[in-house]
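Colleague: Take this structure first; my questions come after.
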Amino acid sequence: MANTTTAVIGTGVIGRSWALVFARGGCLTRIYDASAAQAARAREWLAKTLALAVSDGFMTNEQAVSAEQRVSICPDLESAVRGAAYVQESGPENLEQKRNIFAELDRLVGPQTILATSTSTLDIQEIARGLAGGRRCFVAHPFNPPHVVPAVEVLPTHGAPAELINSACEFLRRVGQSPVLVKRYAVGFIGNRIQAALVREAIHIVESGVADVDSVDTMVRDGLGLRWAIMGPFGVANTNADEGIRQYYGRYGHAYLALMNDLGPTPKFDQQMIESVARGVDEMTGMEPMADQLHRRDRLILRIRQLKRQG
């Protein structure tokens with residue numbers, strides 16, 4: 001993709017972060033939201049986030065100014081996508097709304113423009129069904145926030161040309177992301193399915209009285225998560241025995257089966273459960289302002305990424 005003009009449609013938490021990804025990656029980035037006020041708030045957030053990146057040492061002031069200058073707000077969808085090589089839709093998680101917006105996008109852009117959606121649950125086959133340009137439509141599902149967490153799940157439509165899939169993935173890599181190709185649709189794709197399995201057991205541990213909220217988070221934050229920041233579950237298993245994963249699973253497979261068979265049931269997610277966990281979170285965080293929690297999260301993740309790059 002020689003053309004580096006991008007469009008971000010929908011400027012909520014995910015859309016505004018995508019805009020920063022593209023602008024920081026050197027792309028002219030147009031943003032559009034049906035709510036002009038929301039687009040303006042996204043622009044303000046962008047300026048504040050870039051200022052924090054400078055003060056935290058992740059960008060120079062010149063880099064931040066250049067990135068901010070690459071972002072412009074468009075008054076309508078047509079002007080936002082005109083001439084764009086890549087469009088990232090980040091609207092509400094609603095199939096009918098996404099089908100409508102993709103029908104408009106398919107009508108407005110050229111045949112070579114890649115159309116991607118940030119959906120975390122919906123099948124791109126359903127979103128792009130019946131579109132003349134359906135084969136250039138993709139899921140590009142990020143992890144919140146994408147300007148900090150680089151993994152992106154890429155799910156193409158059936159029959160998407162290999163060169164177009166490669167082009168989309170290469171573009172995402174060029175702007176600093178880590179695309180993961182999903183071979184077929186599954187509800188929640190990869191990351192959210194793994195996350196849901198962990199959350200289910202975390203809630204069960206708290207509800208059944210094994211441990212409190214802070215203990216569960218400590219075990220992940222200061223235990224499992226430290227290894228997972230470097231390698232995934234299979235990589236960890238491979239390093240847990242001198243002779244690798246074959247020896248490790250061969251030795252402990254029966255123990256894993258016993259644990260898996262003892263895992264907790266799916267929680268109800270009723271208001272009582274949510275409030276119980278939320279009180280534990282309030283106690284754990286000391287009711288620290290959310291802006292401070294978010295800043296610390298983003299700053300530390302970016303530091304970890306720096307260390308990983310440095311080896």
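Each chain in the structure tokens gets a letter, A, B and so on, in the order shown; residues start at 1 in every chain, and ligands are counted from 1 in the order they appear.
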Using only C-alpha atoms, which protein or nucleic acid residues come within 7 Å of stretch 113-119 of chain A? Drop anything in the same chain fewer than 2 positions from it, and give the result as a ChimeraX atom specification.
Modeller: /A:84-90,93,109-111,121-122,136-142
Colleague: Can you pull out the residues contacting A:Arg16? Cut-off 8 Å, using only C-alpha atoms, and skip same-chain residues under 5 positions away; I want them as an mmCIF file with N, CA and C atoms, in the first residue's frame.
Modeller:
data_model
loop_
_atom_site.group_PDB
_atom_site.id
_atom_site.type_symbol
_atom_site.label_atom_id
_atom_site.label_comp_id
_atom_site.auth_asym_id
_atom_site.auth_seq_id
_atom_site.Cartn_x
_atom_site.Cartn_y
_atom_site.Cartn_z
ATOM 1 N N VAL A 8 -10.750 6.777 9.977
ATOM 2 C CA VAL A 8 -11.283 6.124 11.179
ATOM 3 C C VAL A 8 -12.729 6.569 11.336
ATOM 4 N N GLY A 10 -15.968 6.390 13.581
ATOM 5 C CA GLY A 10 -16.340 6.119 14.958
ATOM 6 C C GLY A 10 -15.157 6.435 15.859
ATOM 7 N N THR A 11 -15.339 7.383 16.783
ATOM 8 C CA THR A 11 -14.190 7.890 17.550
ATOM 9 C C THR A 11 -14.374 7.727 19.049
ATOM 10 N N ALA A 42 -12.534 13.302 20.886
ATOM 11 C CA ALA A 42 -11.450 12.417 20.467
ATOM 12 C C ALA A 42 -10.201 13.227 20.100
ATOM 13 N N ARG A 43 -10.404 14.347 19.443
ATOM 14 C CA ARG A 43 -9.277 15.220 19.065
ATOM 15 C C ARG A 43 -8.589 15.766 20.309
ATOM 16 N N TRP A 45 -8.611 14.313 23.278
ATOM 17 C CA TRP A 45 -7.935 13.172 23.906
ATOM 18 C C TRP A 45 -6.606 12.911 23.219
ATOM 19 N N LEU A 46 -6.598 13.003 21.899
ATOM 20 C CA LEU A 46 -5.379 12.773 21.134
ATOM 21 C C LEU A 46 -4.280 13.737 21.561
#
Colleague: From a DSSP pass on the backbone, collect the residues of stretch 16-256 of chain A flagged as strand (DSSP E or B) and hand them back as a PyMOL selection string.
Modeller: chain A and resi 28-32+71-73+86-89+114-117+137-142+151-156+178-181
Colleague: What gap, in Å, lies between atom CA of A:Leu302 and atom CA of A:Pro233?
Modeller: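 Separation between atom CA of A:Leu302 and atom CA of A:Pro233: 21.7 Å.
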Colleague: For A:Thr266, list every protein, DNA or RNA residue within 8 Å, evaluated using only C-alpha atoms, and leave out those in the same chain fewer than 2 positions away; present the list as a list in words.
Modeller: Arg200, Gly264 and Lys268 of chain A
Colleague: Now that the selection is made, can you save its residues with N, CA and C atoms as a compact mmCIF listing (two decimals), in the first residue's frame?
Modeller:
# COMPACT_ATOMS: atom_id res chain seq x y z
N ARG A 200 -13.79 -16.26 33.85
CA ARG A 200 -14.74 -17.21 34.43
C ARG A 200 -14.16 -17.85 35.69
N GLY A 264 -14.53 -23.87 37.54
CA GLY A 264 -15.86 -23.43 37.96
C GLY A 264 -16.85 -23.28 36.82
N LYS A 268 -23.23 -16.11 36.60
CA LYS A 268 -24.48 -15.52 36.13
C LYS A 268 -24.31 -14.10 35.60
Colleague: Give the answer as one residue: which of A:Val65, A:Val281, A:Ile124, A:Val148 has the shortest atom-to-atom distance to A:Ile14, using only C-alpha atoms?
Modeller: A:Val148
Colleague: For A:Ala34, which of A:Asp76, A:Asp56, A:Ile190, A:Glu275 is the closest residue, counting only C-alpha atoms?
Modeller: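 For A:Ala34, the nearest of the candidates is A:Asp76.
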Colleague: Just want the 6 Å neighbourhood of stretch 150-166 of chain A, counted on only C-alpha atoms, with same-chain residues fewer than 2 positions away dropped. Output as a PyMOL selection string.
Modeller: chain A and resi 125+135+138-142+146+168-170+177-182
Colleague: Name the residues of stretch 33-205 of chain A that fall into alpha helix (DSSP H) according to DSSP on the backbone, using the chain letters and numbers of this document, as a PDB file with N, CA and C atoms, in the first residue's frame.
Modeller:
ATOM      1  N   ALA A  36     -20.588  15.073  16.151  1.00  0.00           N
ATOM      2  CA  ALA A  36     -19.480  16.017  16.017  1.00  0.00           C
ATOM      3  C   ALA A  36     -18.815  16.279  17.362  1.00  0.00           C
ATOM      4  N   ALA A  37     -19.611  16.262  18.442  1.00  0.00           N
ATOM      5  CA  ALA A  37     -19.052  16.476  19.783  1.00  0.00           C
ATOM      6  C   ALA A  37     -18.101  15.346  20.150  1.00  0.00           C
ATOM      7  N   GLN A  38     -18.480  14.114  19.788  1.00  0.00           N
ATOM      8  CA  GLN A  38     -17.618  12.969  20.080  1.00  0.00           C
ATOM      9  C   GLN A  38     -16.299  13.076  19.322  1.00  0.00           C
ATOM     10  N   ALA A  39     -16.353  13.480  18.067  1.00  0.00           N
ATOM     11  CA  ALA A  39     -15.133  13.652  17.286  1.00  0.00           C
ATOM     12  C   ALA A  39     -14.235  14.724  17.897  1.00  0.00           C
ATOM     13  N   ALA A  40     -14.839  15.796  18.390  1.00  0.00           N
ATOM     14  CA  ALA A  40     -14.063  16.862  19.025  1.00  0.00           C
ATOM     15  C   ALA A  40     -13.403  16.362  20.312  1.00  0.00           C
ATOM     16  N   ARG A  41     -14.141  15.542  21.081  1.00  0.00           N
ATOM     17  CA  ARG A  41     -13.559  14.974  22.309  1.00  0.00           C
ATOM     18  C   ARG A  41     -12.395  14.046  21.978  1.00  0.00           C
ATOM     19  N   ALA A  42     -12.534  13.302  20.886  1.00  0.00           N
ATOM     20  CA  ALA A  42     -11.450  12.417  20.467  1.00  0.00           C
ATOM     21  C   ALA A  42     -10.201  13.227  20.100  1.00  0.00           C
ATOM     22  N   ARG A  43     -10.404  14.347  19.443  1.00  0.00           N
ATOM     23  CA  ARG A  43      -9.277  15.220  19.065  1.00  0.00           C
ATOM     24  C   ARG A  43      -8.589  15.766  20.309  1.00  0.00           C
ATOM     25  N   GLU A  44      -9.378  16.137  21.312  1.00  0.00           N
ATOM     26  CA  GLU A  44      -8.810  16.627  22.573  1.00  0.00           C
ATOM     27  C   GLU A  44      -8.033  15.523  23.283  1.00  0.00           C
ATOM     28  N   TRP A  45      -8.611  14.313  23.278  1.00  0.00           N
ATOM     29  CA  TRP A  45      -7.935  13.172  23.906  1.00  0.00           C
ATOM     30  C   TRP A  45      -6.606  12.911  23.219  1.00  0.00           C
ATOM     31  N   LEU A  46      -6.598  13.003  21.899  1.00  0.00           N
ATOM     32  CA  LEU A  46      -5.379  12.773  21.134  1.00  0.00           C
ATOM     33  C   LEU A  46      -4.280  13.737  21.561  1.00  0.00           C
ATOM     34  N   ALA A  47      -4.618  15.005  21.684  1.00  0.00           N
ATOM     35  CA  ALA A  47      -3.632  16.017  22.070  1.00  0.00           C
ATOM     36  C   ALA A  47      -3.086  15.731  23.471  1.00  0.00           C
ATOM     37  N   LYS A  48      -3.969  15.373  24.402  1.00  0.00           N
ATOM     38  CA  LYS A  48      -3.539  15.085  25.775  1.00  0.00           C
ATOM     39  C   LYS A  48      -2.662  13.835  25.822  1.00  0.00           C
ATOM     40  N   THR A  49      -3.038  12.819  25.058  1.00  0.00           N
ATOM     41  CA  THR A  49      -2.290  11.559  25.077  1.00  0.00           C
ATOM     42  C   THR A  49      -0.910  11.736  24.462  1.00  0.00           C
ATOM     43  N   LEU A  50      -0.820  12.513  23.400  1.00  0.00           N
ATOM     44  CA  LEU A  50       0.476  12.792  22.804  1.00  0.00           C
ATOM     45  C   LEU A  50       1.357  13.598  23.759  1.00  0.00           C
ATOM     46  N   ALA A  51       0.749  14.530  24.496  1.00  0.00           N
ATOM     47  CA  ALA A  51       1.515  15.310  25.478  1.00  0.00           C
ATOM     48  C   ALA A  51       2.063  14.393  26.570  1.00  0.00           C
ATOM     49  N   LEU A  52       1.260  13.427  27.016  1.00  0.00           N
ATOM     50  CA  LEU A  52       1.728  12.467  28.020  1.00  0.00           C
ATOM     51  C   LEU A  52       2.853  11.599  27.464  1.00  0.00           C
ATOM     52  N   ALA A  53       2.733  11.207  26.187  1.00  0.00           N
ATOM     53  CA  ALA A  53       3.780  10.386  25.564  1.00  0.00           C
ATOM     54  C   ALA A  53       5.109  11.129  25.552  1.00  0.00           C
ATOM     55  N   VAL A  54       5.059  12.444  25.347  1.00  0.00           N
ATOM     56  CA  VAL A  54       6.278  13.256  25.365  1.00  0.00           C
ATOM     57  C   VAL A  54       6.833  13.337  26.779  1.00  0.00           C
ATOM     58  N   SER A  55       5.960  13.641  27.757  1.00  0.00           N
ATOM     59  CA  SER A  55       6.429  13.783  29.145  1.00  0.00           C
ATOM     60  C   SER A  55       6.939  12.468  29.717  1.00  0.00           C
ATOM     61  N   ASN A  61       8.930  15.859  21.231  1.00  0.00           N
ATOM     62  CA  ASN A  61       7.897  16.861  21.000  1.00  0.00           C
ATOM     63  C   ASN A  61       7.640  17.016  19.503  1.00  0.00           C
ATOM     64  N   GLU A  62       8.682  16.919  18.695  1.00  0.00           N
ATOM     65  CA  GLU A  62       8.529  17.047  17.245  1.00  0.00           C
ATOM     66  C   GLU A  62       7.683  15.894  16.691  1.00  0.00           C
ATOM     67  N   GLN A  63       7.922  14.698  17.167  1.00  0.00           N
ATOM     68  CA  GLN A  63       7.136  13.543  16.716  1.00  0.00           C
ATOM     69  C   GLN A  63       5.667  13.704  17.097  1.00  0.00           C
ATOM     70  N   ALA A  64       5.412  14.201  18.306  1.00  0.00           N
ATOM     71  CA  ALA A  64       4.037  14.378  18.760  1.00  0.00           C
ATOM     72  C   ALA A  64       3.322  15.444  17.940  1.00  0.00           C
ATOM     73  N   VAL A  65       4.003  16.539  17.673  1.00  0.00           N
ATOM     74  CA  VAL A  65       3.402  17.613  16.876  1.00  0.00           C
ATOM     75  C   VAL A  65       3.085  17.112  15.474  1.00  0.00           C
ATOM     76  N   SER A  66       4.003  16.365  14.879  1.00  0.00           N
ATOM     77  CA  SER A  66       3.782  15.837  13.526  1.00  0.00           C
ATOM     78  C   SER A  66       2.596  14.885  13.501  1.00  0.00           C
ATOM     79  N   ALA A  67       2.510  14.007  14.507  1.00  0.00           N
ATOM     80  CA  ALA A  67       1.394  13.055  14.569  1.00  0.00           C
ATOM     81  C   ALA A  67       0.069  13.789  14.698  1.00  0.00           C
ATOM     82  N   GLU A  68       0.026  14.798  15.565  1.00  0.00           N
ATOM     83  CA  GLU A  68      -1.226  15.533  15.756  1.00  0.00           C
ATOM     84  C   GLU A  68      -1.630  16.264  14.478  1.00  0.00           C
ATOM     85  N   GLN A  69      -0.664  16.771  13.752  1.00  0.00           N
ATOM     86  CA  GLN A  69      -0.964  17.507  12.517  1.00  0.00           C
ATOM     87  C   GLN A  69      -1.486  16.594  11.412  1.00  0.00           C
ATOM     88  N   LEU A  77     -19.128  11.335   6.143  1.00  0.00           N
ATOM     89  CA  LEU A  77     -18.471  10.074   5.830  1.00  0.00           C
ATOM     90  C   LEU A  77     -17.749  10.127   4.486  1.00  0.00           C
ATOM     91  N   GLU A  78     -18.371  10.732   3.509  1.00  0.00           N
ATOM     92  CA  GLU A  78     -17.798  10.744   2.162  1.00  0.00           C
ATOM     93  C   GLU A  78     -16.449  11.440   2.133  1.00  0.00           C
ATOM     94  N   SER A  79     -16.350  12.588   2.769  1.00  0.00           N
ATOM     95  CA  SER A  79     -15.078  13.315   2.760  1.00  0.00           C
ATOM     96  C   SER A  79     -14.018  12.587   3.585  1.00  0.00           C
ATOM     97  N   ALA A  80     -14.459  11.828   4.589  1.00  0.00           N
ATOM     98  CA  ALA A  80     -13.498  11.105   5.420  1.00  0.00           C
ATOM     99  C   ALA A  80     -12.816   9.987   4.646  1.00  0.00           C
ATOM    100  N   VAL A  81     -13.569   9.287   3.807  1.00  0.00           N
ATOM    101  CA  VAL A  81     -13.016   8.096   3.144  1.00  0.00           C
ATOM    102  C   VAL A  81     -12.502   8.374   1.732  1.00  0.00           C
ATOM    103  N   LEU A  95     -24.860  -5.644  14.669  1.00  0.00           N
ATOM    104  CA  LEU A  95     -24.714  -6.176  13.316  1.00  0.00           C
ATOM    105  C   LEU A  95     -25.426  -5.322  12.285  1.00  0.00           C
ATOM    106  N   GLU A  96     -26.665  -4.914  12.555  1.00  0.00           N
ATOM    107  CA  GLU A  96     -27.415  -4.135  11.577  1.00  0.00           C
ATOM    108  C   GLU A  96     -26.730  -2.803  11.293  1.00  0.00           C
ATOM    109  N   GLN A  97     -26.243  -2.142  12.348  1.00  0.00           N
ATOM    110  CA  GLN A  97     -25.562  -0.866  12.147  1.00  0.00           C
ATOM    111  C   GLN A  97     -24.271  -1.043  11.354  1.00  0.00           C
ATOM    112  N   LYS A  98     -23.549  -2.105  11.649  1.00  0.00           N
ATOM    113  CA  LYS A  98     -22.305  -2.336  10.915  1.00  0.00           C
ATOM    114  C   LYS A  98     -22.589  -2.698   9.458  1.00  0.00           C
ATOM    115  N   ARG A  99     -23.631  -3.465   9.196  1.00  0.00           N
ATOM    116  CA  ARG A  99     -23.994  -3.777   7.819  1.00  0.00           C
ATOM    117  C   ARG A  99     -24.334  -2.500   7.061  1.00  0.00           C
ATOM    118  N   ASN A 100     -25.045  -1.596   7.705  1.00  0.00           N
ATOM    119  CA  ASN A 100     -25.421  -0.340   7.051  1.00  0.00           C
ATOM    120  C   ASN A 100     -24.199   0.522   6.740  1.00  0.00           C
ATOM    121  N   ILE A 101     -23.299   0.639   7.708  1.00  0.00           N
ATOM    122  CA  ILE A 101     -22.123   1.484   7.482  1.00  0.00           C
ATOM    123  C   ILE A 101     -21.204   0.859   6.443  1.00  0.00           C
ATOM    124  N   PHE A 102     -21.087  -0.472   6.430  1.00  0.00           N
ATOM    125  CA  PHE A 102     -20.235  -1.108   5.423  1.00  0.00           C
ATOM    126  C   PHE A 102     -20.847  -0.998   4.029  1.00  0.00           C
ATOM    127  N   ALA A 103     -22.161  -1.003   3.947  1.00  0.00           N
ATOM    128  CA  ALA A 103     -22.796  -0.796   2.641  1.00  0.00           C
ATOM    129  C   ALA A 103     -22.473   0.598   2.111  1.00  0.00           C
ATOM    130  N   GLU A 104     -22.489   1.587   3.006  1.00  0.00           N
ATOM    131  CA  GLU A 104     -22.121   2.945   2.608  1.00  0.00           C
ATOM    132  C   GLU A 104     -20.653   3.023   2.225  1.00  0.00           C
ATOM    133  N   LEU A 105     -19.788   2.420   3.029  1.00  0.00           N
ATOM    134  CA  LEU A 105     -18.356   2.445   2.741  1.00  0.00           C
ATOM    135  C   LEU A 105     -18.050   1.768   1.405  1.00  0.00           C
ATOM    136  N   ASP A 106     -18.699   0.641   1.168  1.00  0.00           N
ATOM    137  CA  ASP A 106     -18.467  -0.101  -0.074  1.00  0.00           C
ATOM    138  C   ASP A 106     -18.861   0.733  -1.291  1.00  0.00           C
ATOM    139  N   ARG A 107     -19.892   1.559  -1.108  1.00  0.00           N
ATOM    140  CA  ARG A 107     -20.363   2.405  -2.194  1.00  0.00           C
ATOM    141  C   ARG A 107     -19.439   3.601  -2.420  1.00  0.00           C
ATOM    142  N   LEU A 108     -18.824   4.105  -1.351  1.00  0.00           N
ATOM    143  CA  LEU A 108     -18.093   5.364  -1.426  1.00  0.00           C
ATOM    144  C   LEU A 108     -16.628   5.221  -1.816  1.00  0.00           C
ATOM    145  N   ILE A 124     -17.352 -11.269  10.070  1.00  0.00           N
ATOM    146  CA  ILE A 124     -17.228 -10.389   8.912  1.00  0.00           C
ATOM    147  C   ILE A 124     -18.062 -10.893   7.741  1.00  0.00           C
ATOM    148  N   GLN A 125     -18.305 -12.209   7.666  1.00  0.00           N
ATOM    149  CA  GLN A 125     -19.146 -12.746   6.597  1.00  0.00           C
ATOM    150  C   GLN A 125     -20.547 -12.146   6.658  1.00  0.00           C
ATOM    151  N   GLU A 126     -21.059 -11.974   7.871  1.00  0.00           N
ATOM    152  CA  GLU A 126     -22.390 -11.401   8.044  1.00  0.00           C
ATOM    153  C   GLU A 126     -22.381  -9.900   7.788  1.00  0.00           C
ATOM    154  N   ILE A 127     -21.330  -9.225   8.224  1.00  0.00           N
ATOM    155  CA  ILE A 127     -21.241  -7.779   8.030  1.00  0.00           C
ATOM    156  C   ILE A 127     -21.158  -7.434   6.544  1.00  0.00           C
ATOM    157  N   ALA A 162      -5.187 -13.627  -1.418  1.00  0.00           N
ATOM    158  CA  ALA A 162      -4.030 -13.725  -0.527  1.00  0.00           C
ATOM    159  C   ALA A 162      -3.227 -12.431  -0.522  1.00  0.00           C
ATOM    160  N   GLU A 163      -3.098 -11.793  -1.694  1.00  0.00           N
ATOM    161  CA  GLU A 163      -2.301 -10.563  -1.755  1.00  0.00           C
ATOM    162  C   GLU A 163      -2.954  -9.432  -0.948  1.00  0.00           C
ATOM    163  N   LEU A 164      -4.292  -9.438  -0.886  1.00  0.00           N
ATOM    164  CA  LEU A 164      -4.985  -8.410  -0.115  1.00  0.00           C
ATOM    165  C   LEU A 164      -4.829  -8.667   1.384  1.00  0.00           C
ATOM    166  N   ILE A 165      -4.900  -9.933   1.794  1.00  0.00           N
ATOM    167  CA  ILE A 165      -4.675 -10.291   3.200  1.00  0.00           C
ATOM    168  C   ILE A 165      -3.262  -9.888   3.604  1.00  0.00           C
ATOM    169  N   ASN A 166      -2.299 -10.213   2.759  1.00  0.00           N
ATOM    170  CA  ASN A 166      -0.907  -9.859   3.053  1.00  0.00           C
ATOM    171  C   ASN A 166      -0.730  -8.348   3.123  1.00  0.00           C
ATOM    172  N   SER A 167      -1.413  -7.631   2.236  1.00  0.00           N
ATOM    173  CA  SER A 167      -1.312  -6.175   2.213  1.00  0.00           C
ATOM    174  C   SER A 167      -1.866  -5.564   3.492  1.00  0.00           C
ATOM    175  N   ALA A 168      -3.018  -6.088   3.949  1.00  0.00           N
ATOM    176  CA  ALA A 168      -3.616  -5.581   5.183  1.00  0.00           C
ATOM    177  C   ALA A 168      -2.703  -5.835   6.374  1.00  0.00           C
ATOM    178  N   CYS A 169      -2.172  -7.045   6.459  1.00  0.00           N
ATOM    179  CA  CYS A 169      -1.291  -7.387   7.582  1.00  0.00           C
ATOM    180  C   CYS A 169      -0.006  -6.568   7.546  1.00  0.00           C
ATOM    181  N   GLU A 170       0.543  -6.385   6.356  1.00  0.00           N
ATOM    182  CA  GLU A 170       1.766  -5.609   6.226  1.00  0.00           C
ATOM    183  C   GLU A 170       1.532  -4.155   6.614  1.00  0.00           C
ATOM    184  N   PHE A 171       0.378  -3.602   6.236  1.00  0.00           N
ATOM    185  CA  PHE A 171       0.060  -2.226   6.626  1.00  0.00           C
ATOM    186  C   PHE A 171      -0.007  -2.110   8.149  1.00  0.00           C
ATOM    187  N   LEU A 172      -0.678  -3.057   8.797  1.00  0.00           N
ATOM    188  CA  LEU A 172      -0.796  -3.013  10.258  1.00  0.00           C
ATOM    189  C   LEU A 172       0.568  -3.126  10.928  1.00  0.00           C
ATOM    190  N   ARG A 173       1.428  -3.981  10.378  1.00  0.00           N
ATOM    191  CA  ARG A 173       2.781  -4.075  10.931  1.00  0.00           C
ATOM    192  C   ARG A 173       3.533  -2.758  10.754  1.00  0.00           C
ATOM    193  N   ARG A 174       3.325  -2.119   9.612  1.00  0.00           N
ATOM    194  CA  ARG A 174       4.054  -0.877   9.309  1.00  0.00           C
ATOM    195  C   ARG A 174       3.679   0.246  10.276  1.00  0.00           C
ATOM    196  N   GLY A 191      -8.308 -13.886  21.360  1.00  0.00           N
ATOM    197  CA  GLY A 191      -7.980 -13.226  22.613  1.00  0.00           C
ATOM    198  C   GLY A 191      -9.119 -13.197  23.609  1.00  0.00           C
ATOM    199  N   ASN A 192     -10.317 -12.831  23.147  1.00  0.00           N
ATOM    200  CA  ASN A 192     -11.437 -12.734  24.075  1.00  0.00           C
ATOM    201  C   ASN A 192     -11.880 -14.100  24.592  1.00  0.00           C
ATOM    202  N   ARG A 193     -11.669 -15.152  23.799  1.00  0.00           N
ATOM    203  CA  ARG A 193     -12.000 -16.496  24.285  1.00  0.00           C
ATOM    204  C   ARG A 193     -11.045 -16.903  25.416  1.00  0.00           C
ATOM    205  N   ILE A 194      -9.760 -16.634  25.222  1.00  0.00           N
ATOM    206  CA  ILE A 194      -8.789 -16.934  26.276  1.00  0.00           C
ATOM    207  C   ILE A 194      -9.068 -16.078  27.512  1.00  0.00           C
ATOM    208  N   GLN A 195      -9.372 -14.800  27.280  1.00  0.00           N
ATOM    209  CA  GLN A 195      -9.667 -13.897  28.388  1.00  0.00           C
ATOM    210  C   GLN A 195     -10.918 -14.332  29.146  1.00  0.00           C
ATOM    211  N   ALA A 196     -11.948 -14.757  28.402  1.00  0.00           N
ATOM    212  CA  ALA A 196     -13.191 -15.180  29.048  1.00  0.00           C
ATOM    213  C   ALA A 196     -12.972 -16.409  29.914  1.00  0.00           C
ATOM    214  N   ALA A 197     -12.113 -17.332  29.471  1.00  0.00           N
ATOM    215  CA  ALA A 197     -11.823 -18.520  30.268  1.00  0.00           C
ATOM    216  C   ALA A 197     -11.161 -18.128  31.586  1.00  0.00           C
ATOM    217  N   LEU A 198     -10.241 -17.176  31.528  1.00  0.00           N
ATOM    218  CA  LEU A 198      -9.572 -16.712  32.744  1.00  0.00           C
ATOM    219  C   LEU A 198     -10.541 -15.978  33.664  1.00  0.00           C
ATOM    220  N   VAL A 199     -11.364 -15.091  33.081  1.00  0.00           N
ATOM    221  CA  VAL A 199     -12.316 -14.326  33.891  1.00  0.00           C
ATOM    222  C   VAL A 199     -13.325 -15.252  34.565  1.00  0.00           C
ATOM    223  N   ARG A 200     -13.790 -16.265  33.848  1.00  0.00           N
ATOM    224  CA  ARG A 200     -14.740 -17.211  34.433  1.00  0.00           C
ATOM    225  C   ARG A 200     -14.165 -17.853  35.686  1.00  0.00           C
ATOM    226  N   GLU A 201     -12.934 -18.334  35.609  1.00  0.00           N
ATOM    227  CA  GLU A 201     -12.340 -18.995  36.771  1.00  0.00           C
ATOM    228  C   GLU A 201     -11.991 -17.994  37.865  1.00  0.00           C
ATOM    229  N   ALA A 202     -11.581 -16.769  37.478  1.00  0.00           N
ATOM    230  CA  ALA A 202     -11.283 -15.742  38.476  1.00  0.00           C
ATOM    231  C   ALA A 202     -12.518 -15.426  39.316  1.00  0.00           C
ATOM    232  N   ILE A 203     -13.666 -15.282  38.646  1.00  0.00           N
ATOM    233  CA  ILE A 203     -14.915 -15.012  39.373  1.00  0.00           C
ATOM    234  C   ILE A 203     -15.282 -16.197  40.262  1.00  0.00           C
ATOM    235  N   HIS A 204     -15.112 -17.408  39.753  1.00  0.00           N
ATOM    236  CA  HIS A 204     -15.439 -18.601  40.545  1.00  0.00           C
ATOM    237  C   HIS A 204     -14.568 -18.666  41.809  1.00  0.00           C
ATOM    238  N   ILE A 205     -13.295 -18.354  41.694  1.00  0.00           N
ATOM    239  CA  ILE A 205     -12.400 -18.378  42.847  1.00  0.00           C
ATOM    240  C   ILE A 205     -12.868 -17.399  43.914  1.00  0.00           C
TER     241      ILE A 205
END
Colleague: Which residue out of A:Leu224, A:Val206, A:Ala291, A:Leu300 has the minimum interatomic distance to A:Met273 when only C-alpha atoms are used?
Modeller: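 Once distances to A:Met273 are computed over only C-alpha atoms, the minimum belongs to A:Val206.
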Colleague: Name the residues in contact with A:Asp214 at a cut-off of 12 Å, using only C-alpha atoms, excluding same-chain residues fewer than 5 positions from it; report them as JSON, numbers by chain.
Modeller: {"A": [202, 203, 205, 206, 219, 220, 221, 222, 277, 278, 279, 280, 281, 282, 283, 284, 285, 286]}
Colleague: Figure out the distance between atom CA of A:Asn94 and atom CA of A:Tyr32, please, to one decimal in Å.
Modeller: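 According to the coordinates, atom CA of A:Tyr32 and atom CA of A:Asn94 are separated by 18.2 Å.
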Colleague: In Å, how far is it from atom CA of A:Asp33 to atom CA of A:Leu20?
Modeller: 15.4 Å
Colleague: With distances taken over only C-alpha atoms, which of A:His147, A:Ser276, A:Tyr249, A:Cys74 is nearest to A:Asp212?
Modeller: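 Residue with the minimum atom-to-atom distance to A:Asp212: A:Ser276.
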